[in-house]
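Next comes target_12.cif, a file with mmCIF, C-alpha atoms.
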```
data_query
loop_
_atom_site.label_atom_id
_atom_site.label_comp_id
_atom_site.auth_asym_id
_atom_site.auth_seq_id
_atom_site.Cartn_x
_atom_site.Cartn_y
_atom_site.Cartn_z
CA MET A 7 0.00 0.00 0.00
CA LYS A 8 1.24 3.45 -0.85
CA LYS A 9 2.27 5.63 2.06
CA PRO A 10 1.04 9.24 2.11
CA ASN A 11 3.56 11.55 0.52
CA THR A 12 4.67 14.46 2.66
CA ALA A 13 5.48 16.69 -0.29
CA THR A 14 4.10 20.23 -0.09
CA PRO A 15 2.23 22.00 -2.90
CA ARG A 16 3.93 24.38 -5.25
CA THR A 17 3.65 28.02 -4.32
CA ARG A 18 1.22 29.32 -6.90
CA GLY A 19 -1.66 30.88 -5.01
CA GLY A 20 -3.52 27.71 -3.96
CA SER A 21 -3.46 23.92 -3.78
CA THR A 22 -4.62 21.66 -6.60
CA LEU A 23 -6.25 18.25 -6.73
CA GLN A 24 -2.86 16.85 -7.70
CA ASP A 25 -1.36 18.27 -4.50
CA VAL A 26 -4.07 16.58 -2.44
CA ALA A 27 -3.59 13.28 -4.26
CA VAL A 28 0.18 13.37 -3.70
CA LEU A 29 -0.16 14.17 -0.01
CA ALA A 30 -2.74 11.41 0.47
CA GLY A 31 -0.80 8.88 -1.58
CA VAL A 32 -3.62 8.21 -4.05
CA SER A 33 -4.36 8.94 -7.70
CA PRO A 34 -6.03 12.24 -8.68
CA MET A 35 -9.08 10.24 -9.81
CA THR A 36 -9.41 8.62 -6.38
CA ALA A 37 -8.90 11.98 -4.67
CA SER A 38 -11.62 13.54 -6.83
CA ARG A 39 -14.08 10.72 -6.12
CA ALA A 40 -13.35 10.84 -2.39
CA LEU A 41 -13.96 14.58 -2.16
CA ARG A 42 -17.24 14.20 -4.02
CA GLY A 43 -18.41 11.52 -1.58
CA PHE A 44 -18.45 8.53 -3.93
CA ASP A 45 -19.17 5.25 -2.08
CA SER A 46 -16.73 3.41 -4.35
CA VAL A 47 -13.77 4.90 -2.45
CA ALA A 48 -12.64 2.86 0.56
CA PRO A 49 -13.38 4.67 3.85
CA GLU A 50 -9.70 4.64 4.88
CA LEU A 51 -8.66 6.25 1.59
CA ALA A 52 -11.50 8.76 1.71
CA GLU A 53 -10.50 9.84 5.21
CA ARG A 54 -6.87 10.23 4.08
CA VAL A 55 -7.94 12.40 1.15
CA ARG A 56 -10.18 14.58 3.33
CA ALA A 57 -7.36 15.05 5.83
CA ALA A 58 -4.98 16.06 3.04
CA ALA A 59 -7.53 18.48 1.57
CA GLU A 60 -8.08 20.05 4.97
CA GLN A 61 -4.34 20.38 5.60
CA LEU A 62 -3.84 22.07 2.23
CA GLN A 63 -7.07 24.12 2.51
CA TYR A 64 -7.97 22.79 -0.91
CA VAL A 65 -11.18 23.95 -2.59
CA PRO A 66 -12.24 21.97 -5.72
CA ASP A 67 -12.31 24.12 -8.81
CA PRO A 68 -14.21 22.74 -11.82
CA ALA A 69 -13.84 26.15 -13.42
CA ALA A 70 -10.04 26.11 -13.37
CA ARG A 71 -10.04 26.95 -17.08
CA ALA A 72 -11.46 30.34 -16.26
CA LEU A 73 -9.60 33.24 -14.76
CA ALA A 74 -8.81 32.81 -11.08
CA SER A 75 -10.83 35.92 -10.30
CA ALA A 76 -13.94 34.69 -12.13
CA ARG A 77 -17.09 34.47 -10.03
CA SER A 78 -20.48 32.99 -10.83
CA ARG A 79 -23.71 34.94 -10.36
CA SER A 80 -24.67 32.75 -7.44
CA VAL A 81 -24.92 33.26 -3.70
CA VAL A 82 -24.67 30.38 -1.25
CA VAL A 83 -27.08 30.40 1.69
CA LEU A 84 -26.50 27.81 4.42
CA VAL A 85 -29.26 27.20 6.98
CA PRO A 86 -29.56 24.40 9.56
CA SER A 87 -33.11 23.34 8.64
CA LEU A 88 -35.67 23.58 5.86
CA ALA A 89 -38.40 22.23 8.13
CA ASN A 90 -38.25 25.25 10.44
CA THR A 91 -40.46 28.21 9.51
CA VAL A 92 -37.82 30.57 10.91
CA PHE A 93 -35.44 29.75 8.09
CA ILE A 94 -38.11 29.55 5.39
CA ASP A 95 -39.10 33.15 6.19
CA LEU A 96 -35.44 34.17 6.06
CA LEU A 97 -34.82 32.43 2.72
CA GLU A 98 -37.87 34.05 1.12
CA ALA A 99 -36.59 37.48 2.11
CA VAL A 100 -33.07 36.75 0.83
CA HIS A 101 -34.50 35.67 -2.53
CA GLU A 102 -36.62 38.82 -2.77
CA VAL A 103 -33.45 40.95 -2.56
CA LEU A 104 -30.97 38.89 -4.57
CA ALA A 105 -33.11 37.63 -7.48
CA PRO A 106 -33.91 41.11 -8.88
CA ALA A 107 -30.18 41.88 -8.69
CA GLY A 108 -29.47 38.94 -11.00
CA TYR A 109 -28.16 36.43 -8.47
CA GLN A 110 -29.10 32.78 -8.18
CA VAL A 111 -29.58 31.55 -4.60
CA LEU A 112 -27.98 28.19 -3.83
CA ILE A 113 -29.54 26.80 -0.64
CA GLY A 114 -27.71 24.32 1.56
CA ASN A 115 -29.30 22.51 4.52
CA THR A 116 -26.68 21.60 7.14
CA HIS A 117 -29.12 19.65 9.37
CA TYR A 118 -27.32 21.18 12.37
CA ALA A 119 -24.30 18.98 11.52
CA ARG A 120 -20.76 20.36 11.30
CA ASP A 121 -19.55 17.71 8.86
CA GLU A 122 -22.54 18.34 6.60
CA GLU A 123 -21.82 22.08 6.58
CA GLU A 124 -18.18 21.43 5.72
CA LYS A 125 -19.18 19.17 2.82
CA LEU A 126 -21.61 21.79 1.50
CA LEU A 127 -18.97 24.51 1.71
CA ARG A 128 -16.49 22.42 -0.30
CA ASN A 129 -19.07 21.63 -2.96
CA TYR A 130 -20.46 25.16 -3.30
CA LEU A 131 -17.11 26.95 -3.18
CA ALA A 132 -16.08 24.82 -6.16
CA HIS A 133 -18.58 26.83 -8.20
CA ARG A 134 -16.97 30.14 -7.25
CA PRO A 135 -20.00 31.91 -5.75
CA SER A 136 -20.05 35.68 -5.57
CA GLY A 137 -21.09 35.68 -1.94
CA MET A 138 -22.23 33.61 1.03
CA LEU A 139 -24.87 33.95 3.75
CA ILE A 140 -24.17 31.54 6.60
CA THR A 141 -26.15 30.85 9.77
CA GLY A 142 -24.38 31.45 13.08
CA PHE A 143 -20.74 31.24 14.14
CA GLU A 144 -20.45 27.70 15.50
CA ARG A 145 -18.72 25.36 13.05
CA SER A 146 -15.70 23.11 12.57
CA GLU A 147 -12.24 24.61 12.31
CA ALA A 148 -11.95 23.15 8.81
CA ALA A 149 -15.15 24.92 7.72
CA ARG A 150 -13.92 28.15 9.27
CA ARG A 151 -10.68 27.92 7.30
CA LEU A 152 -12.57 27.18 4.08
CA ILE A 153 -14.64 30.35 4.50
CA GLU A 154 -11.62 32.51 5.33
CA SER A 155 -9.33 31.17 2.61
CA SER A 156 -12.03 31.45 -0.09
CA HIS A 157 -12.03 35.29 0.19
CA VAL A 158 -15.70 35.18 -0.85
CA PRO A 159 -17.76 38.02 0.70
CA CYS A 160 -19.70 36.55 3.61
CA VAL A 161 -22.46 37.74 5.95
CA TYR A 162 -23.45 35.71 9.01
CA LEU A 163 -27.10 35.34 9.99
CA MET A 164 -29.12 35.22 13.23
CA GLU A 165 -26.27 36.00 15.65
CA LEU A 166 -24.06 38.99 16.46
CA THR A 167 -20.39 39.66 17.04
CA ASP A 168 -18.13 42.70 17.24
CA ALA A 169 -15.14 40.79 15.89
CA PRO A 170 -13.21 42.95 13.39
CA GLY A 171 -13.77 42.17 9.73
CA VAL A 172 -16.89 40.06 10.37
CA HIS A 173 -20.23 41.09 8.86
CA CYS A 174 -23.44 39.88 10.49
CA VAL A 175 -27.14 40.58 10.89
CA GLY A 176 -29.06 39.12 13.80
CA LEU A 177 -30.15 39.57 17.38
CA SER A 178 -28.87 38.85 20.86
CA GLN A 179 -30.28 35.44 21.68
CA VAL A 180 -28.93 35.85 25.22
CA ALA A 181 -30.75 39.15 25.78
CA ALA A 182 -33.96 37.66 24.39
CA GLY A 183 -33.67 34.69 26.73
CA GLU A 184 -33.18 37.06 29.66
CA ALA A 185 -36.26 39.09 28.69
CA VAL A 186 -38.54 36.04 28.58
CA THR A 187 -37.27 34.75 31.91
CA ARG A 188 -37.66 38.11 33.65
CA HIS A 189 -41.25 38.23 32.41
CA LEU A 190 -41.98 34.74 33.76
CA LEU A 191 -40.42 35.70 37.10
CA GLY A 192 -42.94 38.54 37.44
CA GLY A 193 -45.58 38.34 40.11
CA GLY A 194 -43.26 36.77 42.63
CA ARG A 195 -42.88 33.43 40.89
CA GLY A 196 -39.39 31.99 41.44
CA ARG A 197 -39.78 28.40 40.27
CA VAL A 198 -39.20 29.06 36.57
CA GLY A 199 -37.85 26.21 34.44
CA PHE A 200 -36.16 26.06 31.04
CA VAL A 201 -37.00 23.31 28.52
CA ALA A 202 -35.00 22.87 25.31
CA ALA A 203 -34.42 20.45 22.44
CA GLN A 204 -32.05 20.30 19.44
CA LEU A 205 -29.48 22.17 21.59
CA ASP A 206 -27.91 24.16 18.75
CA ALA A 207 -25.83 27.25 19.47
CA ARG A 208 -28.78 29.69 19.50
CA THR A 209 -30.79 27.47 21.84
CA MET A 210 -27.88 27.36 24.26
CA GLN A 211 -27.52 31.15 24.06
CA ARG A 212 -31.18 31.45 25.12
CA ALA A 213 -30.35 29.05 27.96
CA GLU A 214 -27.54 31.39 28.99
CA GLY A 215 -30.01 34.29 29.04
CA TYR A 216 -32.34 32.22 31.24
CA ARG A 217 -29.50 31.46 33.66
CA ARG A 218 -28.42 35.09 33.89
CA ALA A 219 -31.96 36.25 34.69
CA MET A 220 -32.46 33.50 37.26
CA MET A 221 -29.12 34.24 38.93
CA ALA A 222 -29.91 37.96 39.04
CA ALA A 223 -33.17 37.09 40.79
CA GLY A 224 -31.33 34.82 43.23
CA CYS A 225 -33.32 31.72 42.33
CA TYR A 226 -31.22 29.79 39.79
CA ASP A 227 -31.34 26.01 40.21
CA PRO A 228 -29.67 23.79 37.55
CA ALA A 229 -32.23 21.08 38.30
CA LEU A 230 -34.92 23.32 36.76
CA GLU A 231 -33.40 22.85 33.29
CA LEU A 232 -34.51 20.03 30.99
CA LEU A 233 -32.28 19.73 27.92
CA SER A 234 -33.04 17.14 25.24
CA PRO A 235 -30.79 16.50 22.20
CA ALA A 236 -33.82 15.21 20.24
CA ARG A 237 -35.17 17.10 17.22
CA SER A 238 -37.62 19.77 18.27
CA SER A 239 -41.30 19.17 17.48
CA VAL A 240 -44.81 19.81 18.77
CA LYS A 241 -45.06 16.16 19.82
CA LEU A 242 -41.81 16.36 21.77
CA GLY A 243 -43.09 19.48 23.55
CA GLY A 244 -45.98 17.52 25.02
CA GLN A 245 -43.68 14.70 26.09
CA LEU A 246 -41.22 17.09 27.73
CA LEU A 247 -44.01 18.82 29.66
CA THR A 248 -45.12 15.48 31.08
CA ASP A 249 -41.53 14.56 31.98
CA TYR A 250 -40.93 17.94 33.56
CA LEU A 251 -44.06 17.97 35.73
CA ARG A 252 -43.28 14.45 36.92
CA ARG A 253 -39.90 15.68 38.20
CA HIS A 254 -40.95 19.16 39.34
CA PRO A 255 -44.69 19.27 40.10
CA ASP A 256 -44.21 22.56 41.96
CA VAL A 257 -42.84 24.47 38.95
CA GLU A 258 -44.61 27.80 38.41
CA ALA A 259 -43.54 28.74 34.87
CA LEU A 260 -41.73 27.17 31.91
CA PHE A 261 -39.67 28.85 29.20
CA PHE A 262 -39.56 26.59 26.15
CA CYS A 263 -36.66 27.32 23.80
CA ASN A 264 -38.97 27.55 20.78
CA ASP A 265 -42.64 27.70 19.88
CA ASP A 266 -42.83 24.12 18.54
CA LEU A 267 -42.18 22.78 22.02
CA ALA A 268 -44.37 25.39 23.72
CA GLN A 269 -47.31 24.67 21.41
CA GLY A 270 -47.00 20.96 22.16
CA ALA A 271 -46.86 21.71 25.88
CA LEU A 272 -50.05 23.79 25.70
CA LEU A 273 -51.86 20.99 23.87
CA GLU A 274 -50.73 18.46 26.48
CA ALA A 275 -51.74 20.80 29.31
CA LEU A 276 -55.18 21.17 27.76
CA ARG A 277 -55.51 17.40 27.40
CA THR A 278 -54.39 16.61 30.96
CA GLY A 279 -56.16 19.44 32.76
CA VAL A 280 -53.13 21.57 33.69
CA LYS A 281 -54.50 25.11 33.95
CA VAL A 282 -52.40 27.65 31.99
CA PRO A 283 -51.61 30.30 33.20
CA ASP A 284 -53.27 29.84 36.63
CA GLU A 285 -51.24 26.76 37.63
CA LEU A 286 -48.41 27.07 35.11
CA ARG A 287 -47.21 29.96 32.98
CA VAL A 288 -45.80 28.99 29.57
CA ALA A 289 -43.65 30.96 27.09
CA GLY A 290 -41.97 30.07 23.81
CA PHE A 291 -39.60 31.66 21.32
CA ASN A 292 -39.82 32.86 17.66
CA ASP A 293 -43.59 33.60 17.43
CA LEU A 294 -44.22 30.91 14.85
CA GLU A 295 -47.46 30.56 12.89
CA GLY A 296 -50.17 29.21 15.16
CA SER A 297 -48.81 30.67 18.39
CA GLU A 298 -51.51 33.34 18.46
CA CYS A 299 -54.15 30.65 17.93
CA THR A 300 -53.29 28.25 20.76
CA VAL A 301 -55.48 27.88 23.86
CA PRO A 302 -54.49 30.00 25.64
CA ARG A 303 -52.59 32.13 23.13
CA LEU A 304 -48.84 31.74 23.54
CA THR A 305 -46.51 34.33 25.05
CA THR A 306 -43.31 34.31 23.01
CA VAL A 307 -40.46 36.30 21.48
CA ARG A 308 -41.02 37.64 17.98
CA THR A 309 -37.81 37.40 15.95
CA PRO A 310 -37.65 39.46 12.73
CA ARG A 311 -36.20 36.71 10.51
CA ALA A 312 -37.53 38.23 7.28
CA GLU A 313 -35.83 41.51 8.18
CA ILE A 314 -32.64 39.61 8.94
CA GLY A 315 -32.81 38.00 5.49
CA ARG A 316 -33.45 41.29 3.69
CA ARG A 317 -30.80 43.30 5.50
CA ALA A 318 -28.18 40.56 5.27
CA ALA A 319 -28.81 40.18 1.53
CA ALA A 320 -28.60 43.96 1.04
CA MET A 321 -25.34 44.06 3.01
CA LEU A 322 -23.92 41.23 0.91
CA LEU A 323 -24.90 43.03 -2.31
CA ARG A 324 -22.84 46.05 -1.24
CA MET A 325 -19.87 43.81 -0.42
CA MET A 326 -20.07 41.97 -3.76
CA ARG A 327 -20.13 45.32 -5.57
CA GLY A 328 -17.10 46.52 -3.68
CA GLU A 329 -19.06 49.22 -1.87
CA THR A 330 -18.50 50.36 1.71
CA VAL A 331 -20.66 48.74 4.38
CA PRO A 332 -21.37 51.44 7.00
CA VAL A 333 -22.17 49.05 9.87
CA ALA A 334 -20.68 45.54 9.94
CA SER A 335 -22.80 44.18 12.81
CA VAL A 336 -26.54 44.93 12.57
CA ASP A 337 -28.75 44.17 15.57
CA VAL A 338 -32.38 43.91 14.43
CA GLY A 339 -33.62 43.36 17.98
CA PHE A 340 -36.59 41.30 19.16
CA GLU A 341 -40.06 41.81 20.64
CA LEU A 342 -41.52 40.13 23.71
CA VAL A 343 -45.12 39.32 22.75
CA CYS A 344 -47.22 38.91 25.90
CA ARG A 345 -50.37 36.81 25.46
CA GLU A 346 -52.63 34.81 27.78
CA SER A 347 -50.27 31.84 28.46
CA ALA A 348 -48.00 34.00 30.65
#
```
Spell out the structure here as structure tokens.
Amino acid sequence: MKKPNTATPRTRGGSTLQDVAVLAGVSPMTASRALRGFDSVAPELAERVRAAAEQLQYVPDPAARALASARSRSVVVLVPSLANTVFIDLLEAVHEVLAPAGYQVLIGNTHYARDEEEKLLRNYLAHRPSGMLITGFERSEAARRLIESSHVPCVYLMELTDAPGVHCVGLSQVAAGEAVTRHLLGGGRGRVGFVAAQLDARTMQRAEGYRRAMMAAGCYDPALELLSPARSSVKLGGQLLTDYLRRHPDVEALFFCNDDLAQGALLEALRTGVKVPDELRVAGFNDLEGSECTVPRLTTVRTPRAEIGRRAAAMLLRMMRGETVPVASVDVGFELVCRESA
């Protein structure tokens, strides 16, 4: 069996498929098939090729015949889910801005998986997009290097940072989590719990906001948190409410990390006779469709995802045109919507 070659790529402004193949000790054909995810490549060889590509920061380039500066009229948009209304609203707004400007939107669904995001980045960067819109800041180091080394204009969505050179449009998930918790603590109620699923970065930022508010009120108890790695759904919300009340029957209010869970909890409360808000106050997050129609109507946080999509797309347009972006980090804020459930 060939041993991986430790030769380094020629200095010419970027690594080639040949460089990757040499470093991995395979043929260029095998390297190409491995990077495209073909099942015909043995797992051990595929892993060797991926490691070599990561080390060399290699981005496949099917358009190598064109000038190195050539860009397509496409914009990559990576979101963690296409089943979540939050991201559908955002994508619609992005399309409304970019399509009239002559750009094709290439949508990638990462399924909240770092390796899936990395694979999508490699595939889409091969087509030399003009820009990228990417959700959040949590990703693998390899994906981070791919974004930085591509030099493709990029705007991050849904979260905020003041890091120099980073462009983003979003809201403070921590501050929003604090606001919901402070509201639930009103009226002298101190037994406020936090229930979450999926446990992605934004969910955990809301959890941090919950903890800060509870600590400030002097009533934080880690046992009042219920964190499930399962995929968030209305059905799961009902199950988590039952689990929670079995463990903490004296809880006075529950902050669910999103409206799917909260809607499910309200349905389960209605079915089992738990009186909301008299016995238990319930709040959600995102103000999804249906939250103003539940019984009782759901208290939640309204997040302006369409505005995030529009403003991020407009910011990216300026960057792709080489224009100055006045503000690199845009906070669109949030709104606490108080209804009958809390």
(Q) Which residues are near stretch 279-295 of chain A? Cut-off 6 Å, all atoms listed in the file, ignore same chain within fewer than 4 positions. Put them as number ranges by chain. (A) A: 258-265, 268, 275, 305-309, 347-348
Write out the residues from the selection above, keeping C-alpha atoms, as a short mmCIF file (atom, residue, chain, number, x, y, z; two decimals), in the frame of the given file.
```cif
data_model
loop_
_atom_site.label_atom_id
_atom_site.label_comp_id
_atom_site.auth_asym_id
_atom_site.auth_seq_id
_atom_site.Cartn_x
_atom_site.Cartn_y
_atom_site.Cartn_z
CA GLU A 258 -44.61 27.80 38.41
CA ALA A 259 -43.54 28.74 34.87
CA LEU A 260 -41.73 27.17 31.91
CA PHE A 261 -39.67 28.85 29.20
CA PHE A 262 -39.56 26.59 26.15
CA CYS A 263 -36.66 27.32 23.80
CA ASN A 264 -38.97 27.55 20.78
CA ASP A 265 -42.64 27.70 19.88
CA ALA A 268 -44.37 25.39 23.72
CA ALA A 275 -51.74 20.80 29.31
CA THR A 305 -46.51 34.33 25.05
CA THR A 306 -43.31 34.31 23.01
CA VAL A 307 -40.46 36.30 21.48
CA ARG A 308 -41.02 37.64 17.98
CA THR A 309 -37.81 37.40 15.95
CA SER A 347 -50.27 31.84 28.46
CA ALA A 348 -48.00 34.00 30.65
#
```
Q: Evaluate the PyMOL selection byres ((chain A and resi 227) around 12) on the structure here and hand back the selected residues as a ChimeraX atom specification.
A: /A:196-200,216-221,223-226,228-232,254,257
Q) With distances taken over only C-alpha atoms, which of A:Val81, A:Leu267, A:Arg56, A:Leu96 is nearest to A:Asp121? A)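 The answer is A:Arg56, which sits nearest to A:Asp121.
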Q: Between A:Val83, A:Ala213, A:Met35, A:Leu62, single out the one closest to A:Val186, counting only C-alpha atoms.
A: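 Closest to A:Val186, using only C-alpha atoms: A:Ala213.
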Q: Figure out the distance between atom CA of A:Lys241 and atom CA of A:Gly270, please, to one decimal in Å.
A: 5.7 Å
Q. What is the distance between atom CA of A:Thr141 and atom CA of A:Gln245, in Å to one decimal?
A.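 Interatomic distance here is 28.9 Å.
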Q. Which of these, A:Val333, A:Arg134, A:Leu190, A:Ala57, has the shortest distance to A:Pro159 once you count only C-alpha atoms?
A. A:Arg134
Q. What is the distance, in Å and to one decimal place, between atom CA of A:Val26 and atom CA of A:Arg150?
A.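 Between atom CA of A:Val26 and atom CA of A:Arg150 the gap works out to 19.2 Å.
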Q.
Let me make sure I understand: among A:Lys125, A:His117, A:Arg316, A:His189, which one has the smallest atom-to-atom distance to A:Asp95 if we use all atoms listed in the file?
A. A:Arg316
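In terms of minimum interatomic distance to A:Met138, A:Ala319 ranks closest within A:Ala319, A:Gly193, A:Ala40, A:Arg208, counting all atoms listed in the file.
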Contact check, stretch 313-341 of chain A to stretch 160-179 of chain A, at most 6 Å, counting only C-alpha atoms, closest pairs as a Markdown table:
```
| residue | atom | partner | partner_atom | distance |
| --- | --- | --- | --- | --- |
| A:Ile314 | CA | A:Val175 | CA | 5.9 |
| A:Ala318 | CA | A:Val175 | CA | 5.7 |
| A:Ala334 | CA | A:His173 | CA | 4.6 |
| A:Ser335 | CA | A:Cys174 | CA | 4.9 |
| A:Val336 | CA | A:Val175 | CA | 4.7 |
| A:Asp337 | CA | A:Leu177 | CA | 5.1 |
| A:Val338 | CA | A:Leu177 | CA | 5.7 |
| A:Gly339 | CA | A:Leu177 | CA | 5.2 |
```
Q: Taking the file as shown, find all residues satisfying the PyMOL selection byres ((chain A and resi 233) around 8) and write them as a count of residues only.
A: 8
Q. Got a sec to resolve the PyMOL selection byres ((chain A and resi 155) around 12) on this structure and send the residues as a ChimeraX atom specification?
A. /A:19-21,60,62-65,127-128,131,148-154,156-160
How big is the axis-aligned box, and where does its centre sit, when it encloses all atoms of stretch 76-93 of chain A listed in the file and has 3 Å added on every side, reported in Å to one decimal as AutoDock Vina command-line options?
```
--center_x -27.2 --center_y 28.6 --center_z -0.6 --size_x 32.5 --size_y 18.7 --size_z 29.0
```
Q: Rank nothing, just name the residue among A:Asp206, A:Asp266, A:Glu274, A:Glu184 nearest to A:Thr116, using only C-alpha atoms.
A: A:Asp206
